[in-house]
>>> print(open('data.csv').read())   # CSV, C-alpha atoms
chain,number,residue,atom,x,y,z
N,1,MET,CA,63.5,75.9,84.7
N,2,GLY,CA,62.7,75.2,81.0
N,3,ARG,CA,65.8,76.3,79.4
N,4,VAL,CA,68.8,74.6,78.0
N,5,THR,CA,72.3,76.0,77.9
N,6,THR,CA,74.8,73.1,77.4
N,7,THR,CA,76.5,73.5,74.0
N,8,TRP,CA,79.9,71.7,74.3
N,9,LEU,CA,78.6,68.2,73.7
N,10,PRO,CA,77.1,67.7,70.2
N,11,GLY,CA,74.2,65.3,69.7
N,12,LEU,CA,72.6,65.6,73.1
N,13,PRO,CA,68.9,64.6,72.9
N,14,ALA,CA,66.3,67.2,73.2
N,15,GLY,CA,64.9,68.0,76.7
N,16,ASP,CA,63.4,70.6,78.9
N,17,THR,CA,66.6,71.2,80.8
N,18,ASP,CA,70.3,70.5,80.5
N,19,TRP,CA,69.9,67.8,83.1
N,20,ASP,CA,67.1,66.1,81.2
N,21,ARG,CA,69.3,66.1,78.1
N,22,PHE,CA,72.2,64.4,79.8
N,23,ALA,CA,69.9,62.1,81.7
N,24,ALA,CA,68.4,60.9,78.4
N,25,LEU,CA,71.8,59.6,77.4
N,26,TRP,CA,72.9,58.2,80.8
N,27,PRO,CA,69.7,57.6,82.7
N,28,GLU,CA,71.1,55.3,85.4
N,29,ALA,CA,74.0,57.5,86.3
N,30,PHE,CA,71.9,60.7,86.5
N,31,ASP,CA,69.1,58.9,88.4
N,32,ALA,CA,71.7,57.7,90.9
N,33,LEU,CA,73.1,61.2,91.3
N,34,ALA,CA,69.5,62.6,91.7
N,35,GLN,CA,68.9,59.9,94.4
N,36,LEU,CA,72.0,61.0,96.2
N,37,VAL,CA,70.8,64.6,96.3
N,38,ALA,CA,67.3,63.4,97.4
N,39,ALA,CA,68.9,61.4,100.2
N,40,ALA,CA,70.9,64.5,101.3
N,41,TRP,CA,67.7,66.5,101.6
N,42,ALA,CA,65.9,63.6,103.4
N,43,GLU,CA,68.5,63.5,106.1
N,44,SER,CA,69.0,67.2,106.7
N,45,ASP,CA,67.2,70.3,108.0
N,46,PRO,CA,66.0,71.9,104.8
N,47,VAL,CA,66.8,75.5,105.8
N,48,LEU,CA,70.3,74.7,107.1
N,49,LEU,CA,71.1,72.7,103.9
N,50,GLU,CA,69.6,75.3,101.6
N,51,LEU,CA,71.7,78.1,103.1
N,52,CYS,CA,74.8,76.0,102.8
N,53,ARG,CA,73.9,74.8,99.3
N,54,VAL,CA,73.5,78.4,98.0
N,55,ARG,CA,76.7,79.5,99.8
N,56,MET,CA,78.7,76.6,98.3
N,57,ALA,CA,77.3,77.4,94.9
N,58,THR,CA,78.5,81.0,95.2
N,59,LEU,CA,82.0,79.9,96.3
N,60,LEU,CA,82.2,77.3,93.5
N,61,GLY,CA,81.2,80.0,91.0
N,62,SER,CA,77.9,78.5,89.9
N,63,PRO,CA,75.4,81.4,89.5
N,64,ALA,CA,72.7,79.1,88.2
N,65,GLU,CA,72.8,76.9,91.3
N,66,ALA,CA,73.1,79.9,93.6
N,67,ALA,CA,70.0,81.4,92.0
N,68,ARG,CA,68.0,78.2,92.3
N,69,ARG,CA,65.5,77.9,95.2
N,70,THR,CA,64.2,74.7,96.6
N,71,GLN,CA,60.6,74.3,97.6
N,72,ARG,CA,61.2,72.3,100.7
N,73,ALA,CA,63.4,75.1,102.2
N,74,ARG,CA,60.9,77.7,101.2
N,75,ALA,CA,58.1,75.6,102.7
N,76,ALA,CA,60.2,75.4,105.9
N,77,GLY,CA,60.2,79.2,106.2
N,78,LEU,CA,63.4,80.3,104.4
N,79,ASP,CA,62.6,83.6,102.6
N,80,ASP,CA,64.4,85.5,99.9
N,81,GLU,CA,65.4,88.4,102.2
N,82,LYS,CA,67.5,86.1,104.3
N,83,LEU,CA,69.1,84.5,101.3
N,84,ALA,CA,70.0,87.9,99.9
N,85,GLU,CA,71.9,88.5,103.1
N,86,LEU,CA,73.8,85.2,102.9
N,87,PRO,CA,77.2,86.8,102.0
N,88,ALA,CA,77.0,88.7,105.2
N,89,TRP,CA,76.2,85.7,107.4
N,90,PRO,CA,79.1,86.2,109.9
N,91,SER,CA,77.8,89.6,111.0
N,92,SER,CA,74.1,89.6,110.0
N,93,SER,CA,71.6,89.3,112.9
N,94,ARG,CA,69.3,87.3,110.6
N,95,PHE,CA,71.3,84.1,111.1
N,96,THR,CA,71.0,81.8,114.1
N,97,ASP,CA,74.0,80.3,115.9
N,98,ALA,CA,73.2,76.9,114.4
N,99,GLU,CA,73.1,78.4,110.9
N,100,ARG,CA,76.4,80.2,111.5
N,101,ALA,CA,78.1,77.0,112.6
N,102,CYS,CA,76.8,75.1,109.6
N,103,LEU,CA,77.8,77.9,107.2
N,104,ALA,CA,81.3,78.0,108.6
N,105,LEU,CA,81.6,74.3,108.1
N,106,ALA,CA,80.2,74.5,104.6
N,107,GLU,CA,82.6,77.2,103.6
N,108,GLN,CA,85.7,75.5,104.9
N,109,PHE,CA,84.5,72.1,103.5
N,110,VAL,CA,84.2,73.5,100.0
N,111,ALA,CA,87.3,75.6,100.1
N,112,ASP,CA,89.6,73.0,101.7
N,113,ALA,CA,88.2,70.0,103.6
N,114,ASN,CA,91.5,69.4,105.2
N,115,GLY,CA,91.2,72.7,106.9
N,116,VAL,CA,88.1,71.9,108.8
N,117,THR,CA,89.1,72.2,112.4
N,118,ASP,CA,87.9,70.3,115.5
N,119,GLU,CA,86.3,73.6,116.7
N,120,VAL,CA,84.3,74.0,113.5
N,121,LEU,CA,83.0,70.4,113.8
N,122,ALA,CA,82.3,70.7,117.5
N,123,ALA,CA,80.2,73.8,116.9
N,124,VAL,CA,78.0,72.0,114.4
N,125,ALA,CA,77.8,68.9,116.7
N,126,GLY,CA,76.8,71.2,119.5
N,127,HIS,CA,73.7,72.1,117.6
N,128,LEU,CA,72.9,69.0,115.6
N,129,GLY,CA,74.4,66.3,117.9
N,130,PRO,CA,77.2,64.0,116.7
N,131,THR,CA,75.0,61.9,114.5
N,132,GLY,CA,73.3,65.0,113.0
N,133,CYS,CA,76.7,66.5,112.4
N,134,TYR,CA,77.8,63.4,110.6
N,135,ALA,CA,74.7,63.4,108.4
N,136,PHE,CA,75.1,67.0,107.7
N,137,VAL,CA,78.7,66.5,106.5
N,138,GLU,CA,77.5,63.7,104.3
N,139,ALA,CA,74.8,65.9,102.9
N,140,LEU,CA,77.3,68.7,102.2
N,141,SER,CA,79.5,66.2,100.4
N,142,ALA,CA,76.5,65.0,98.3
N,143,LEU,CA,75.5,68.5,97.2
N,144,GLU,CA,79.1,69.4,96.5
N,145,ALA,CA,79.4,66.4,94.3
N,146,PHE,CA,76.2,67.4,92.5
N,147,GLN,CA,77.4,71.0,92.0
N,148,ARG,CA,80.8,70.1,90.8
N,149,THR,CA,79.4,67.6,88.4
N,150,CYS,CA,77.0,70.2,87.0
N,151,LEU,CA,79.7,72.8,86.7
N,152,THR,CA,82.1,70.4,85.0
N,153,LEU,CA,79.5,69.2,82.5
N,154,GLY,CA,78.0,72.6,81.9
N,155,ILE,CA,74.7,71.7,83.3
N,156,GLU,CA,73.0,75.0,84.3
N,157,THR,CA,69.3,74.1,84.2
N,158,VAL,CA,67.9,71.3,86.4
N,159,PRO,CA,64.3,70.2,87.0
N,160,GLU,CA,62.9,71.3,90.3
N,161,ALA,CA,62.2,67.6,91.1
N,162,VAL,CA,66.0,67.0,91.6
N,163,HIS,CA,66.1,69.2,94.7
N,164,SER,CA,62.5,68.6,95.7
N,165,PRO,CA,61.9,64.9,95.0
N,166,ASN,CA,58.7,63.0,95.7
N,167,PRO,CA,58.3,62.9,99.5
N,168,GLU,CA,56.9,59.4,99.1
N,169,LEU,CA,60.3,58.0,98.2
N,170,PRO,CA,61.5,55.4,100.8
N,171,TRP,CA,63.7,57.8,102.7
H,1,MET,CA,92.0,52.3,113.8
H,2,VAL,CA,91.0,55.9,113.0
H,3,THR,CA,89.4,57.9,115.8
H,4,PRO,CA,86.6,60.1,114.6
H,5,ARG,CA,86.8,63.8,115.5
H,6,ILE,CA,83.2,63.7,116.6
H,7,ASP,CA,81.9,61.3,119.1
H,8,LEU,CA,79.9,59.0,116.9
H,9,PRO,CA,77.9,56.0,118.2
H,10,THR,CA,79.7,53.6,115.9
H,11,GLY,CA,80.3,49.9,116.5
H,12,GLU,CA,83.3,47.8,115.8
H,13,PRO,CA,85.7,49.1,113.1
H,14,ASN,CA,85.1,47.8,109.6
H,15,ARG,CA,87.7,45.7,107.7
H,16,PHE,CA,89.5,48.9,106.7
H,17,GLY,CA,90.0,49.9,110.4
H,18,LEU,CA,87.5,52.7,110.0
H,19,PRO,CA,84.5,53.4,112.2
H,20,ASP,CA,81.4,51.7,110.8
H,21,THR,CA,79.1,54.7,110.0
H,22,THR,CA,76.7,53.0,107.6
H,23,GLY,CA,73.8,53.3,110.0
H,24,LEU,CA,74.2,57.0,110.7
H,25,ALA,CA,73.0,58.5,107.4
H,26,PRO,CA,71.4,55.4,105.8
H,27,ALA,CA,69.8,57.1,102.8
H,28,ILE,CA,73.0,58.8,101.8
H,29,THR,CA,75.0,55.7,102.4
H,30,ALA,CA,72.6,53.7,100.2
H,31,ALA,CA,72.7,56.3,97.4
H,32,ARG,CA,76.5,56.3,97.4
H,33,ALA,CA,76.6,52.5,97.3
H,34,ARG,CA,74.3,52.6,94.3
H,35,ILE,CA,76.6,55.0,92.5
H,36,ARG,CA,79.7,52.8,93.3
H,37,LYS,CA,77.9,49.7,92.1
H,38,LEU,CA,76.8,51.4,88.9
H,39,ALA,CA,80.3,52.7,88.1
H,40,HIS,CA,81.7,49.3,88.7
H,41,ARG,CA,79.1,47.5,86.7
H,42,ARG,CA,79.4,49.8,83.7
H,43,GLY,CA,83.1,49.0,83.6
H,44,GLU,CA,83.8,52.2,81.5
H,45,LEU,CA,86.3,53.6,83.9
H,46,ASP,CA,89.9,52.7,83.1
H,47,PRO,CA,91.3,51.5,86.5
H,48,VAL,CA,94.8,53.0,86.0
H,49,THR,CA,93.4,56.5,85.2
H,50,THR,CA,90.9,56.2,88.0
H,51,GLU,CA,93.7,55.3,90.5
H,52,LEU,CA,95.9,58.2,89.3
H,53,VAL,CA,93.0,60.7,89.6
H,54,ARG,CA,92.1,59.3,93.1
H,55,ILE,CA,95.7,59.6,94.4
H,56,ARG,CA,96.1,63.1,92.8
H,57,ASN,CA,92.8,64.2,94.4
H,58,ALA,CA,93.9,62.7,97.8
H,59,ARG,CA,97.2,64.7,97.6
H,60,HIS,CA,95.3,67.9,96.8
H,61,GLN,CA,93.2,67.3,99.9
H,62,THR,CA,96.2,66.2,102.0
H,63,CYS,CA,94.4,63.0,102.7
H,64,TYR,CA,96.8,60.1,103.4
H,65,PHE,CA,94.4,57.1,103.3
>>> encode(input="data.csv", output="structure tokens")
Amino acid sequence: MGRVTTTWLPGLPAGDTDWDRFAALWPEAFDALAQLVAAAWAESDPVLLELCRVRMATLLGSPAEAARRTQRARAAGLDDEKLAELPAWPSSSRFTDAERACLALAEQFVADANGVTDEVLAAVAGHLGPTGCYAFVEALSALEAFQRTCLTLGIETVPEAVHSPNPELPW
Amino acid sequence: MVTPRIDLPTGEPNRFGLPDTTGLAPAITAARARIRKLAHRRGELDPVTTELVRIRNARHQTCYF
């Protein structure tokens, strides 16, 4: 997305996106955050994570992040019709049991992590296995950190490469 | 020793008494470690303010670690 929107910080260098402009000032920090996001994608099912990423963005009030689409989820078969029905996931027949379990966890995680119950975790673990559940929670945490950072700094536009990094990276 | 709510294949507890989960999501663990090291190395974060924010956040999340 070649558009810049950040206005609150004067003197930001030029760049194709808000992210690029901040990254030009603090390259190590933004590269580290991008690597965290890349790691989250590398250790998760792309469709499950994309559904939860978009849902978290909606709940956090980030229309830019909610509107963004990641290539790896699209390549894995997630279409726009299903994403359009995301607000109705509890009752929509488009969503699998595994997707419902993960979405329930993601919603509670972003609203109040302390309110995540044993039952919600067990439902996810029932589909992903205990280790998969652990990795999924870590991935949710990474994407939540990314989204909250962008929201706080006013970063709306982000290069596609942040969510769809080079598959030849070591993870 | 904290007991995980999901039955994780962890080994001995680490020095904080927490299950050692470093091998369960290695890429994310490595990326988080890089961020921590970077923040520490830059030394731009005032430790008192950082601690106050950490405790305040923990109270918001009802987390008593």
>>> interface_residues(input="data.csv", of="chain H", to="chain N", cutoff="9 Å", atoms="only C-alpha atoms", output="PyMOL selection string")
chain H and resi 5-9+21+24-32+34-35+38-39+61-63
>>> atom_distance(input="data.csv", atom1="atom CA of Gln71 of chain N", atom2="atom CA of Pro159 of chain N")
12.0 Å
>>> atom_distance(input="data.csv", atom1="atom CA of Val158 of chain N", atom2="atom CA of Asp16 of chain N")
8.8 Å
>>> atom_distance(input="data.csv", atom1="atom CA of Ala76 of chain N", atom2="atom CA of Val47 of chain N")
6.6 Å
>>> closest_residue(input="data.csv", among="N:Leu9, N:Ala73, N:Ala67, N:Leu151", to="Glu50 of chain N", atoms="only C-alpha atoms")
N:Ala73
>>> residues_around(input="data.csv", residues="Ala14 of chain N", least_positions_apart="5", cutoff="10 Å", atoms="only C-alpha atoms", output="number ranges by chain")
N: 4, 20-22, 24
>>> write_last_selection(input="data.csv", atoms="C-alpha atoms", output="compact mmCIF listing (two decimals), keeping the file's coordinate frame")
# COMPACT_ATOMS: atom_id res chain seq x y z
CA VAL N 4 68.80 74.60 78.00
CA ASP N 20 67.10 66.10 81.20
CA ARG N 21 69.30 66.10 78.10
CA PHE N 22 72.20 64.40 79.80
CA ALA N 24 68.40 60.90 78.40
>>> residues_around(input="data.csv", residues="Gly154 of chain N", least_positions_apart="6", cutoff="12 Å", atoms="only C-alpha atoms", output="mmCIF file with C-alpha atoms, in the coordinates of the input")
data_model
loop_
_atom_site.group_PDB
_atom_site.id
_atom_site.type_symbol
_atom_site.label_atom_id
_atom_site.label_comp_id
_atom_site.auth_asym_id
_atom_site.auth_seq_id
_atom_site.Cartn_x
_atom_site.Cartn_y
_atom_site.Cartn_z
ATOM 1 C CA VAL N 4 68.800 74.600 78.000
ATOM 2 C CA THR N 5 72.300 76.000 77.900
ATOM 3 C CA THR N 6 74.800 73.100 77.400
ATOM 4 C CA THR N 7 76.500 73.500 74.000
ATOM 5 C CA TRP N 8 79.900 71.700 74.300
ATOM 6 C CA LEU N 9 78.600 68.200 73.700
ATOM 7 C CA THR N 17 66.600 71.200 80.800
ATOM 8 C CA ASP N 18 70.300 70.500 80.500
ATOM 9 C CA TRP N 19 69.900 67.800 83.100
ATOM 10 C CA ARG N 21 69.300 66.100 78.100
ATOM 11 C CA PHE N 22 72.200 64.400 79.800
ATOM 12 C CA SER N 62 77.900 78.500 89.900
ATOM 13 C CA PRO N 63 75.400 81.400 89.500
ATOM 14 C CA ALA N 64 72.700 79.100 88.200
ATOM 15 C CA GLU N 65 72.800 76.900 91.300
ATOM 16 C CA PHE N 146 76.200 67.400 92.500
ATOM 17 C CA GLN N 147 77.400 71.000 92.000
ATOM 18 C CA ARG N 148 80.800 70.100 90.800
#
